[in-house]
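File shown: input-v3.pdb. Contents: PDB, C-alpha atoms.
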```
MODEL        1
ATOM      1  CA  MET A1296      14.551  12.083   2.348  1.00  0.00           C
ATOM      2  CA  GLN A1297      17.817  10.177   2.197  1.00  0.00           C
ATOM      3  CA  ASP A1298      17.171   8.514  -1.174  1.00  0.00           C
ATOM      4  CA  PRO A1299      14.634  10.448  -3.257  1.00  0.00           C
ATOM      5  CA  SER A1300      15.385   8.292  -6.303  1.00  0.00           C
ATOM      6  CA  TRP A1301      13.958   5.296  -4.416  1.00  0.00           C
ATOM      7  CA  LEU A1302      10.609   7.036  -3.982  1.00  0.00           C
ATOM      8  CA  THR A1303      10.506   8.233  -7.609  1.00  0.00           C
ATOM      9  CA  LYS A1304      10.804   4.602  -8.700  1.00  0.00           C
ATOM     10  CA  VAL A1305       8.600   2.948  -6.064  1.00  0.00           C
ATOM     11  CA  VAL A1306       5.552   5.197  -6.384  1.00  0.00           C
ATOM     12  CA  PRO A1307       4.922   4.781 -10.142  1.00  0.00           C
ATOM     13  CA  ALA A1308       5.489   1.019  -9.930  1.00  0.00           C
ATOM     14  CA  PHE A1309       3.063   0.904  -6.982  1.00  0.00           C
ATOM     15  CA  VAL A1310       0.339   2.985  -8.665  1.00  0.00           C
ATOM     16  CA  GLN A1311       0.552   1.621 -12.222  1.00  0.00           C
ATOM     17  CA  PRO A1312      -1.132  -1.760 -11.576  1.00  0.00           C
ATOM     18  CA  PHE A1313      -4.157   0.020 -10.114  1.00  0.00           C
ATOM     19  CA  LEU A1314      -4.349   2.499 -12.988  1.00  0.00           C
ATOM     20  CA  GLU A1315      -4.041  -0.297 -15.550  1.00  0.00           C
ATOM     21  CA  LYS A1316      -6.334  -2.634 -13.575  1.00  0.00           C
ATOM     22  CA  SER A1317      -3.709  -5.357 -13.972  1.00  0.00           C
ATOM     23  CA  GLY A1318      -3.317  -8.376 -11.727  1.00  0.00           C
ATOM     24  CA  LYS A1319      -6.545  -9.127  -9.867  1.00  0.00           C
ATOM     25  CA  TRP A1320      -7.803  -5.541  -9.716  1.00  0.00           C
ATOM     26  CA  ASN A1321     -10.891  -6.327 -11.797  1.00  0.00           C
ATOM     27  CA  THR A1322     -11.779  -9.127  -9.377  1.00  0.00           C
ATOM     28  CA  VAL A1323     -11.287  -6.888  -6.346  1.00  0.00           C
ATOM     29  CA  MET A1324     -13.454  -4.182  -7.910  1.00  0.00           C
ATOM     30  CA  ALA A1325     -16.131  -6.719  -8.882  1.00  0.00           C
ATOM     31  CA  GLU A1326     -16.263  -8.008  -5.298  1.00  0.00           C
ATOM     32  CA  CYS A1327     -16.821  -4.454  -4.117  1.00  0.00           C
ATOM     33  CA  HIS A1328     -19.760  -4.029  -6.462  1.00  0.00           C
ATOM     34  CA  GLN A1329     -21.234  -7.436  -5.644  1.00  0.00           C
ATOM     35  CA  GLN A1330     -21.733  -6.798  -1.954  1.00  0.00           C
ATOM     36  CA  SER A1331     -25.235  -7.350  -0.678  1.00  0.00           C
ATOM     37  CA  ASN A1332     -27.484  -4.309  -0.751  1.00  0.00           C
ATOM     38  CA  TRP A1333     -28.796  -5.521   2.587  1.00  0.00           C
ATOM     39  CA  LEU A1334     -25.604  -4.204   4.140  1.00  0.00           C
ATOM     40  CA  PRO A1335     -25.602  -0.523   5.080  1.00  0.00           C
ATOM     41  CA  SER A1336     -23.747   1.621   2.553  1.00  0.00           C
ATOM     42  CA  TYR A1337     -21.187   2.583   5.206  1.00  0.00           C
ATOM     43  CA  VAL A1338     -20.304  -1.092   5.742  1.00  0.00           C
ATOM     44  CA  ARG A1339     -20.097  -1.746   1.990  1.00  0.00           C
ATOM     45  CA  LYS A1340     -17.871   1.289   1.486  1.00  0.00           C
ATOM     46  CA  ARG A1341     -15.512   0.376   4.329  1.00  0.00           C
ATOM     47  CA  SER A1342     -15.353  -3.274   3.247  1.00  0.00           C
ATOM     48  CA  CYS A1343     -14.432  -2.237  -0.252  1.00  0.00           C
ATOM     49  CA  GLU A1344     -11.791   0.184   1.020  1.00  0.00           C
ATOM     50  CA  LYS A1345     -10.315  -2.565   3.174  1.00  0.00           C
ATOM     51  CA  TRP A1346     -10.171  -5.103   0.334  1.00  0.00           C
ATOM     52  CA  MET A1347      -8.644  -2.581  -2.047  1.00  0.00           C
ATOM     53  CA  ALA A1348      -6.041  -1.382   0.444  1.00  0.00           C
ATOM     54  CA  GLU A1349      -5.042  -4.904   1.451  1.00  0.00           C
ATOM     55  CA  TYR A1350      -4.662  -6.000  -2.168  1.00  0.00           C
ATOM     56  CA  HIS A1351      -2.843  -2.815  -3.196  1.00  0.00           C
ATOM     57  CA  ILE A1352      -0.336  -3.137  -0.374  1.00  0.00           C
ATOM     58  CA  ALA A1353       0.143  -6.922  -0.470  1.00  0.00           C
ATOM     59  CA  GLN A1354       0.467  -7.136  -4.246  1.00  0.00           C
ATOM     60  CA  ASP A1355       1.340  -3.809  -5.830  1.00  0.00           C
ATOM     61  CA  LEU A1356       3.524  -2.384  -3.077  1.00  0.00           C
ATOM     62  CA  GLN A1357       5.266  -5.714  -2.535  1.00  0.00           C
ATOM     63  CA  GLN A1358       6.143  -6.000  -6.225  1.00  0.00           C
ATOM     64  CA  SER A1359       7.260  -2.375  -6.374  1.00  0.00           C
ATOM     65  CA  LEU A1360       9.559  -2.801  -3.382  1.00  0.00           C
ATOM     66  CA  ASN A1361      10.964  -6.055  -4.718  1.00  0.00           C
ATOM     67  CA  MET A1362      11.771  -4.338  -8.034  1.00  0.00           C
ATOM     68  CA  ASN A1363      13.042  -1.011  -6.709  1.00  0.00           C
ATOM     69  CA  GLY A1364      14.425  -1.635  -3.241  1.00  0.00           C
ATOM     70  CA  CYS A1365      12.921  -1.829   0.220  1.00  0.00           C
ATOM     71  CA  GLY A1366      13.933   1.696   1.203  1.00  0.00           C
ATOM     72  CA  VAL A1367      15.918   2.884   4.186  1.00  0.00           C
ATOM     73  CA  LEU A1368      13.939   3.150   7.406  1.00  0.00           C
ATOM     74  CA  PRO A1369      13.865   6.978   7.644  1.00  0.00           C
ATOM     75  CA  ASP A1370      12.462   7.241   4.103  1.00  0.00           C
ATOM     76  CA  TRP A1371       9.961   4.449   4.776  1.00  0.00           C
ATOM     77  CA  GLU A1372       8.786   6.233   7.920  1.00  0.00           C
ATOM     78  CA  GLU A1373       8.543   9.581   6.120  1.00  0.00           C
ATOM     79  CA  VAL A1374       6.243   8.048   3.507  1.00  0.00           C
ATOM     80  CA  GLY A1375       4.203   6.543   6.365  1.00  0.00           C
ATOM     81  CA  THR A1376       3.787  10.022   7.824  1.00  0.00           C
ATOM     82  CA  TYR A1377       2.374  11.296   4.525  1.00  0.00           C
ATOM     83  CA  ILE A1378      -0.017   8.348   4.366  1.00  0.00           C
ATOM     84  CA  ASN A1379      -1.198   9.018   7.922  1.00  0.00           C
ATOM     85  CA  GLU A1380      -1.836  12.660   7.084  1.00  0.00           C
ATOM     86  CA  CYS A1381      -3.983  11.651   4.089  1.00  0.00           C
ATOM     87  CA  VAL A1382      -5.898   9.125   6.186  1.00  0.00           C
ATOM     88  CA  ALA A1383      -6.535  11.740   8.878  1.00  0.00           C
ATOM     89  CA  GLU A1384      -7.843  14.240   6.318  1.00  0.00           C
ATOM     90  CA  GLN A1385     -10.320  11.757   4.841  1.00  0.00           C
ATOM     91  CA  ASN A1386     -11.715  10.118   7.995  1.00  0.00           C
ATOM     92  CA  THR A1387     -12.993  10.830  11.464  1.00  0.00           C
ATOM     93  CA  ALA A1388     -10.426  10.615  14.262  1.00  0.00           C
ATOM     94  CA  ALA A1389     -11.659   7.191  15.381  1.00  0.00           C
ATOM     95  CA  GLU A1390     -11.721   5.805  11.839  1.00  0.00           C
ATOM     96  CA  ALA A1391      -8.291   7.248  11.119  1.00  0.00           C
ATOM     97  CA  ALA A1392      -6.802   5.654  14.239  1.00  0.00           C
ATOM     98  CA  VAL A1393      -7.956   2.199  13.153  1.00  0.00           C
ATOM     99  CA  ILE A1394      -6.996   2.681   9.508  1.00  0.00           C
ATOM    100  CA  LYS A1395      -3.523   3.944  10.416  1.00  0.00           C
ATOM    101  CA  LEU A1396      -2.854   0.835  12.499  1.00  0.00           C
ATOM    102  CA  ILE A1397      -4.010  -1.517   9.752  1.00  0.00           C
ATOM    103  CA  VAL A1398      -2.113   0.283   7.000  1.00  0.00           C
ATOM    104  CA  ALA A1399       1.071   0.478   9.082  1.00  0.00           C
ATOM    105  CA  ARG A1400       0.883  -3.227   9.885  1.00  0.00           C
ATOM    106  CA  ASN A1401       0.358  -4.151   6.238  1.00  0.00           C
ATOM    107  CA  ARG A1402       3.042  -1.765   4.937  1.00  0.00           C
ATOM    108  CA  ASN A1403       5.601  -2.961   7.459  1.00  0.00           C
ATOM    109  CA  LYS A1404       4.796  -6.579   6.651  1.00  0.00           C
ATOM    110  CA  VAL A1405       5.567  -6.131   2.943  1.00  0.00           C
ATOM    111  CA  ARG A1406       8.763  -4.235   3.734  1.00  0.00           C
ATOM    112  CA  GLN A1407       9.908  -7.051   6.028  1.00  0.00           C
ATOM    113  CA  ILE A1408       9.153  -9.568   3.266  1.00  0.00           C
ATOM    114  CA  CYS A1409      11.155  -7.420   0.850  1.00  0.00           C
ATOM    115  CA  ILE A1410      14.125  -7.330   3.221  1.00  0.00           C
ATOM    116  CA  ARG A1411      13.906 -11.060   3.955  1.00  0.00           C
ATOM    117  CA  GLU A1412      13.577 -12.107   0.322  1.00  0.00           C
ATOM    118  CA  ASN A1413      15.930  -9.601  -1.247  1.00  0.00           C
ATOM    119  CA  GLY A1414      18.497  -9.153   1.481  1.00  0.00           C
ATOM    120  CA  ILE A1415      19.554  -6.205   3.541  1.00  0.00           C
ATOM    121  CA  GLN A1416      21.467  -4.761   0.572  1.00  0.00           C
ATOM    122  CA  ASN A1417      18.106  -4.079  -1.068  1.00  0.00           C
ATOM    123  CA  LEU A1418      17.326  -1.240   1.352  1.00  0.00           C
ATOM    124  CA  ALA A1419      18.754   1.373  -0.976  1.00  0.00           C
ATOM    125  CA  SER A1420      17.240   1.919  -4.384  1.00  0.00           C
ATOM    126  CA  LYS A1421      18.681  -0.341  -7.024  1.00  0.00           C
ATOM    127  CA  SER A1422      19.838   2.617  -9.134  1.00  0.00           C
ATOM    128  CA  ARG A1423      22.040   3.914  -6.297  1.00  0.00           C
ATOM    129  CA  ARG A1424      23.810   0.561  -6.065  1.00  0.00           C
ATOM    130  CA  ASP A1425      24.412   0.234  -9.822  1.00  0.00           C
TER     131      ASP A1425
ENDMDL
END
```
Now, as a test, write the supplied structure out as structure tokens.
Amino acid sequence: MQDPSWLTKVVPAFVQPFLEKSGKWNTVMAECHQQSNWLPSYVRKRSCEKWMAEYHIAQDLQQSLNMNGCGVLPDWEEVGTYINECVAEQNTAAEAAVIKLIVARNRNKVRQICIRENGIQNLASKSRRD
């Protein structure tokens, strides 16, 4: 990893909103629990996972990147590799293939927003630039 300090700042800022149930986490969780029981449990579970992942990436990761830097591409890709490994361990091969595509698209979207809104200089962690 080229800038380990970036990751040590981004990860806690990314995870903390979920742990504290800040932002709209209570709403997201309530929507998960309010799904119709007519739906098969597999569909309810996957819908909930999708909503949680989309919110977590679009809100929590975006805010973390904006606060702590967008990360250099090799570090960003290395984190993506770890995520893909976790996804593969928890899902069938077919499920993992779909999930990896969705997560990669969403992650890359928030990083591009970070770069666009904060400028190319925000690729390194803010502490390295100070």
Write out as a PDB file with C-alpha atoms, in the coordinates of the input each polymer residue whose atoms come within 12 Å of Ala1308 in chain A, counting all atoms listed in the file; drop sequence neighbours fewer than 3 positions from it.
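around13.pdb, written as the output of this step:
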```
ATOM      1  CA  TRP A1301      13.958   5.296  -4.416  1.00  0.00           C
ATOM      2  CA  LEU A1302      10.609   7.036  -3.982  1.00  0.00           C
ATOM      3  CA  THR A1303      10.506   8.233  -7.609  1.00  0.00           C
ATOM      4  CA  LYS A1304      10.804   4.602  -8.700  1.00  0.00           C
ATOM      5  CA  VAL A1305       8.600   2.948  -6.064  1.00  0.00           C
ATOM      6  CA  GLN A1311       0.552   1.621 -12.222  1.00  0.00           C
ATOM      7  CA  PRO A1312      -1.132  -1.760 -11.576  1.00  0.00           C
ATOM      8  CA  PHE A1313      -4.157   0.020 -10.114  1.00  0.00           C
ATOM      9  CA  LEU A1314      -4.349   2.499 -12.988  1.00  0.00           C
ATOM     10  CA  GLU A1315      -4.041  -0.297 -15.550  1.00  0.00           C
ATOM     11  CA  SER A1317      -3.709  -5.357 -13.972  1.00  0.00           C
ATOM     12  CA  HIS A1351      -2.843  -2.815  -3.196  1.00  0.00           C
ATOM     13  CA  ILE A1352      -0.336  -3.137  -0.374  1.00  0.00           C
ATOM     14  CA  GLN A1354       0.467  -7.136  -4.246  1.00  0.00           C
ATOM     15  CA  ASP A1355       1.340  -3.809  -5.830  1.00  0.00           C
ATOM     16  CA  LEU A1356       3.524  -2.384  -3.077  1.00  0.00           C
ATOM     17  CA  GLN A1357       5.266  -5.714  -2.535  1.00  0.00           C
ATOM     18  CA  GLN A1358       6.143  -6.000  -6.225  1.00  0.00           C
ATOM     19  CA  SER A1359       7.260  -2.375  -6.374  1.00  0.00           C
ATOM     20  CA  LEU A1360       9.559  -2.801  -3.382  1.00  0.00           C
ATOM     21  CA  ASN A1361      10.964  -6.055  -4.718  1.00  0.00           C
ATOM     22  CA  MET A1362      11.771  -4.338  -8.034  1.00  0.00           C
ATOM     23  CA  ASN A1363      13.042  -1.011  -6.709  1.00  0.00           C
ATOM     24  CA  GLY A1364      14.425  -1.635  -3.241  1.00  0.00           C
TER      25      GLY A1364
END
```
d(CA of Met1324 in chain A, CA of Arg1402 in chain A) in Å
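Those two atoms sit 21.0 Å apart.
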10 Å contact set for Trp1346 in chain A, all atoms listed in the file, chain neighbours under 6 positions out, as a VMD selection string
chain A and resid 1323 to 1324 1326 to 1327
Separation of CA of Arg1400 in chain A from CA of Pro1335 in chain A, in Å and rounded to one decimal
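CA of Pro1335 in chain A lies at a distance of 27.1 Å from CA of Arg1400 in chain A.
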From A:Asn1386, A:Gln1407, A:Ser1300, A:Ser1342, residue lying nearest Cys1365 in chain A [all atoms listed in the file]
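Of all the options, A:Gln1407 lies closest to Cys1365 in chain A.
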Hey, what's within 12 Å of Met1296 in chain A if we count all atoms listed in the file and toss same-chain stuff fewer than 4 positions away? As a VMD selection string, please?
chain A and resid 1300 to 1303 1366 to 1374 1419
Would you compute the distance between CA of Tyr1350 in chain A and CA of Pro1299 in chain A? Give it in Å to one decimal.
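So the answer is 25.4 Å.
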Quick one: of A:Val1310, A:Met1347, A:Ala1353, A:Leu1334, who's nearest to Val1405 in chain A, counting all atoms listed in the file?
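The answer is A:Ala1353, which sits nearest to Val1405 in chain A.
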If you count only C-alpha atoms, which residues fall within 8 Å of Asn1379 in chain A, apart from same-chain ones fewer than 4 positions away, as a VMD selection string?
chain A and resid 1375 1383 1391 1395
A:Glu1412, A:Val1306, A:Ala1348, A:Gln1297: which is nearest Val1382 in chain A, counting all atoms listed in the file?
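Result for the nearest residue to Val1382 in chain A: A:Ala1348.
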Take the structure in the block and write a file for range 1317-1399 of chain A, C-alpha atoms, as a PDB file, in the first residue's frame.
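The file below, out_20.pdb, is the result:
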```
ATOM      1  CA  SER A1317     -26.315   7.941  12.181  1.00  0.00           C
ATOM      2  CA  GLY A1318     -27.633   9.542   9.017  1.00  0.00           C
ATOM      3  CA  LYS A1319     -30.503   7.524   7.555  1.00  0.00           C
ATOM      4  CA  TRP A1320     -29.340   4.133   8.826  1.00  0.00           C
ATOM      5  CA  ASN A1321     -32.439   3.659  10.985  1.00  0.00           C
ATOM      6  CA  THR A1322     -34.630   4.290   7.937  1.00  0.00           C
ATOM      7  CA  VAL A1323     -32.649   1.848   5.802  1.00  0.00           C
ATOM      8  CA  MET A1324     -32.878  -0.810   8.512  1.00  0.00           C
ATOM      9  CA  ALA A1325     -36.609  -0.179   8.987  1.00  0.00           C
ATOM     10  CA  GLU A1326     -37.198  -0.626   5.248  1.00  0.00           C
ATOM     11  CA  CYS A1327     -35.415  -3.960   5.440  1.00  0.00           C
ATOM     12  CA  HIS A1328     -37.689  -5.130   8.230  1.00  0.00           C
ATOM     13  CA  GLN A1329     -40.840  -3.817   6.558  1.00  0.00           C
ATOM     14  CA  GLN A1330     -40.557  -5.916   3.429  1.00  0.00           C
ATOM     15  CA  SER A1331     -43.572  -8.025   2.620  1.00  0.00           C
ATOM     16  CA  ASN A1332     -43.543 -11.518   4.072  1.00  0.00           C
ATOM     17  CA  TRP A1333     -45.045 -12.620   0.777  1.00  0.00           C
ATOM     18  CA  LEU A1334     -41.589 -12.278  -0.731  1.00  0.00           C
ATOM     19  CA  PRO A1335     -39.303 -15.290  -0.362  1.00  0.00           C
ATOM     20  CA  SER A1336     -36.745 -14.843   2.410  1.00  0.00           C
ATOM     21  CA  TYR A1337     -33.915 -15.013  -0.138  1.00  0.00           C
ATOM     22  CA  VAL A1338     -35.374 -12.026  -2.015  1.00  0.00           C
ATOM     23  CA  ARG A1339     -35.905 -10.064   1.212  1.00  0.00           C
ATOM     24  CA  LYS A1340     -32.352 -10.782   2.347  1.00  0.00           C
ATOM     25  CA  ARG A1341     -30.793  -9.778  -0.976  1.00  0.00           C
ATOM     26  CA  SER A1342     -32.943  -6.644  -1.229  1.00  0.00           C
ATOM     27  CA  CYS A1343     -31.871  -5.583   2.220  1.00  0.00           C
ATOM     28  CA  GLU A1344     -28.214  -6.261   1.434  1.00  0.00           C
ATOM     29  CA  LYS A1345     -28.514  -4.190  -1.728  1.00  0.00           C
ATOM     30  CA  TRP A1346     -30.151  -1.229   0.028  1.00  0.00           C
ATOM     31  CA  MET A1347     -27.615  -1.300   2.843  1.00  0.00           C
ATOM     32  CA  ALA A1348     -24.622  -1.559   0.520  1.00  0.00           C
ATOM     33  CA  GLU A1349     -25.859   1.213  -1.762  1.00  0.00           C
ATOM     34  CA  TYR A1350     -26.506   3.549   1.165  1.00  0.00           C
ATOM     35  CA  HIS A1351     -23.231   2.675   2.902  1.00  0.00           C
ATOM     36  CA  ILE A1352     -21.200   3.343  -0.225  1.00  0.00           C
ATOM     37  CA  ALA A1353     -23.097   6.404  -1.490  1.00  0.00           C
ATOM     38  CA  GLN A1354     -23.273   8.125   1.890  1.00  0.00           C
ATOM     39  CA  ASP A1355     -20.710   6.798   4.341  1.00  0.00           C
ATOM     40  CA  LEU A1356     -17.894   6.035   1.919  1.00  0.00           C
ATOM     41  CA  GLN A1357     -18.462   9.271   0.014  1.00  0.00           C
ATOM     42  CA  GLN A1358     -18.233  11.335   3.201  1.00  0.00           C
ATOM     43  CA  SER A1359     -15.182   9.411   4.383  1.00  0.00           C
ATOM     44  CA  LEU A1360     -13.365   9.972   1.096  1.00  0.00           C
ATOM     45  CA  ASN A1361     -14.307  13.640   1.012  1.00  0.00           C
ATOM     46  CA  MET A1362     -12.902  14.074   4.539  1.00  0.00           C
ATOM     47  CA  ASN A1363      -9.788  11.919   4.228  1.00  0.00           C
ATOM     48  CA  GLY A1364      -8.781  11.915   0.579  1.00  0.00           C
ATOM     49  CA  CYS A1365      -9.815   9.916  -2.457  1.00  0.00           C
ATOM     50  CA  GLY A1366      -6.816   7.593  -2.341  1.00  0.00           C
ATOM     51  CA  VAL A1367      -4.281   6.802  -5.026  1.00  0.00           C
ATOM     52  CA  LEU A1368      -5.437   4.280  -7.607  1.00  0.00           C
ATOM     53  CA  PRO A1369      -3.180   1.373  -6.525  1.00  0.00           C
ATOM     54  CA  ASP A1370      -4.426   1.653  -2.927  1.00  0.00           C
ATOM     55  CA  TRP A1371      -8.038   1.974  -4.093  1.00  0.00           C
ATOM     56  CA  GLU A1372      -7.648  -1.152  -6.219  1.00  0.00           C
ATOM     57  CA  GLU A1373      -5.979  -3.067  -3.382  1.00  0.00           C
ATOM     58  CA  VAL A1374      -8.940  -2.345  -1.107  1.00  0.00           C
ATOM     59  CA  GLY A1375     -11.236  -3.486  -3.939  1.00  0.00           C
ATOM     60  CA  THR A1376      -9.363  -6.785  -4.053  1.00  0.00           C
ATOM     61  CA  TYR A1377      -9.989  -7.332  -0.337  1.00  0.00           C
ATOM     62  CA  ILE A1378     -13.674  -6.531  -0.801  1.00  0.00           C
ATOM     63  CA  ASN A1379     -13.925  -9.002  -3.685  1.00  0.00           C
ATOM     64  CA  GLU A1380     -12.315 -11.712  -1.577  1.00  0.00           C
ATOM     65  CA  CYS A1381     -14.871 -11.141   1.204  1.00  0.00           C
ATOM     66  CA  VAL A1382     -17.742 -11.191  -1.287  1.00  0.00           C
ATOM     67  CA  ALA A1383     -16.462 -14.441  -2.800  1.00  0.00           C
ATOM     68  CA  GLU A1384     -16.211 -16.086   0.627  1.00  0.00           C
ATOM     69  CA  GLN A1385     -19.791 -15.192   1.556  1.00  0.00           C
ATOM     70  CA  ASN A1386     -21.630 -15.966  -1.699  1.00  0.00           C
ATOM     71  CA  THR A1387     -21.941 -18.493  -4.473  1.00  0.00           C
ATOM     72  CA  ALA A1388     -19.800 -17.858  -7.552  1.00  0.00           C
ATOM     73  CA  ALA A1389     -22.745 -16.501  -9.547  1.00  0.00           C
ATOM     74  CA  GLU A1390     -23.912 -14.242  -6.719  1.00  0.00           C
ATOM     75  CA  ALA A1391     -20.374 -13.024  -6.113  1.00  0.00           C
ATOM     76  CA  ALA A1392     -19.893 -12.135  -9.783  1.00  0.00           C
ATOM     77  CA  VAL A1393     -22.972  -9.906  -9.757  1.00  0.00           C
ATOM     78  CA  ILE A1394     -22.213  -8.367  -6.366  1.00  0.00           C
ATOM     79  CA  LYS A1395     -18.617  -7.587  -7.338  1.00  0.00           C
ATOM     80  CA  LEU A1396     -19.782  -5.699 -10.426  1.00  0.00           C
ATOM     81  CA  ILE A1397     -22.335  -3.667  -8.485  1.00  0.00           C
ATOM     82  CA  VAL A1398     -19.967  -2.862  -5.629  1.00  0.00           C
ATOM     83  CA  ALA A1399     -17.148  -1.904  -8.004  1.00  0.00           C
TER      84      ALA A1399
END
```
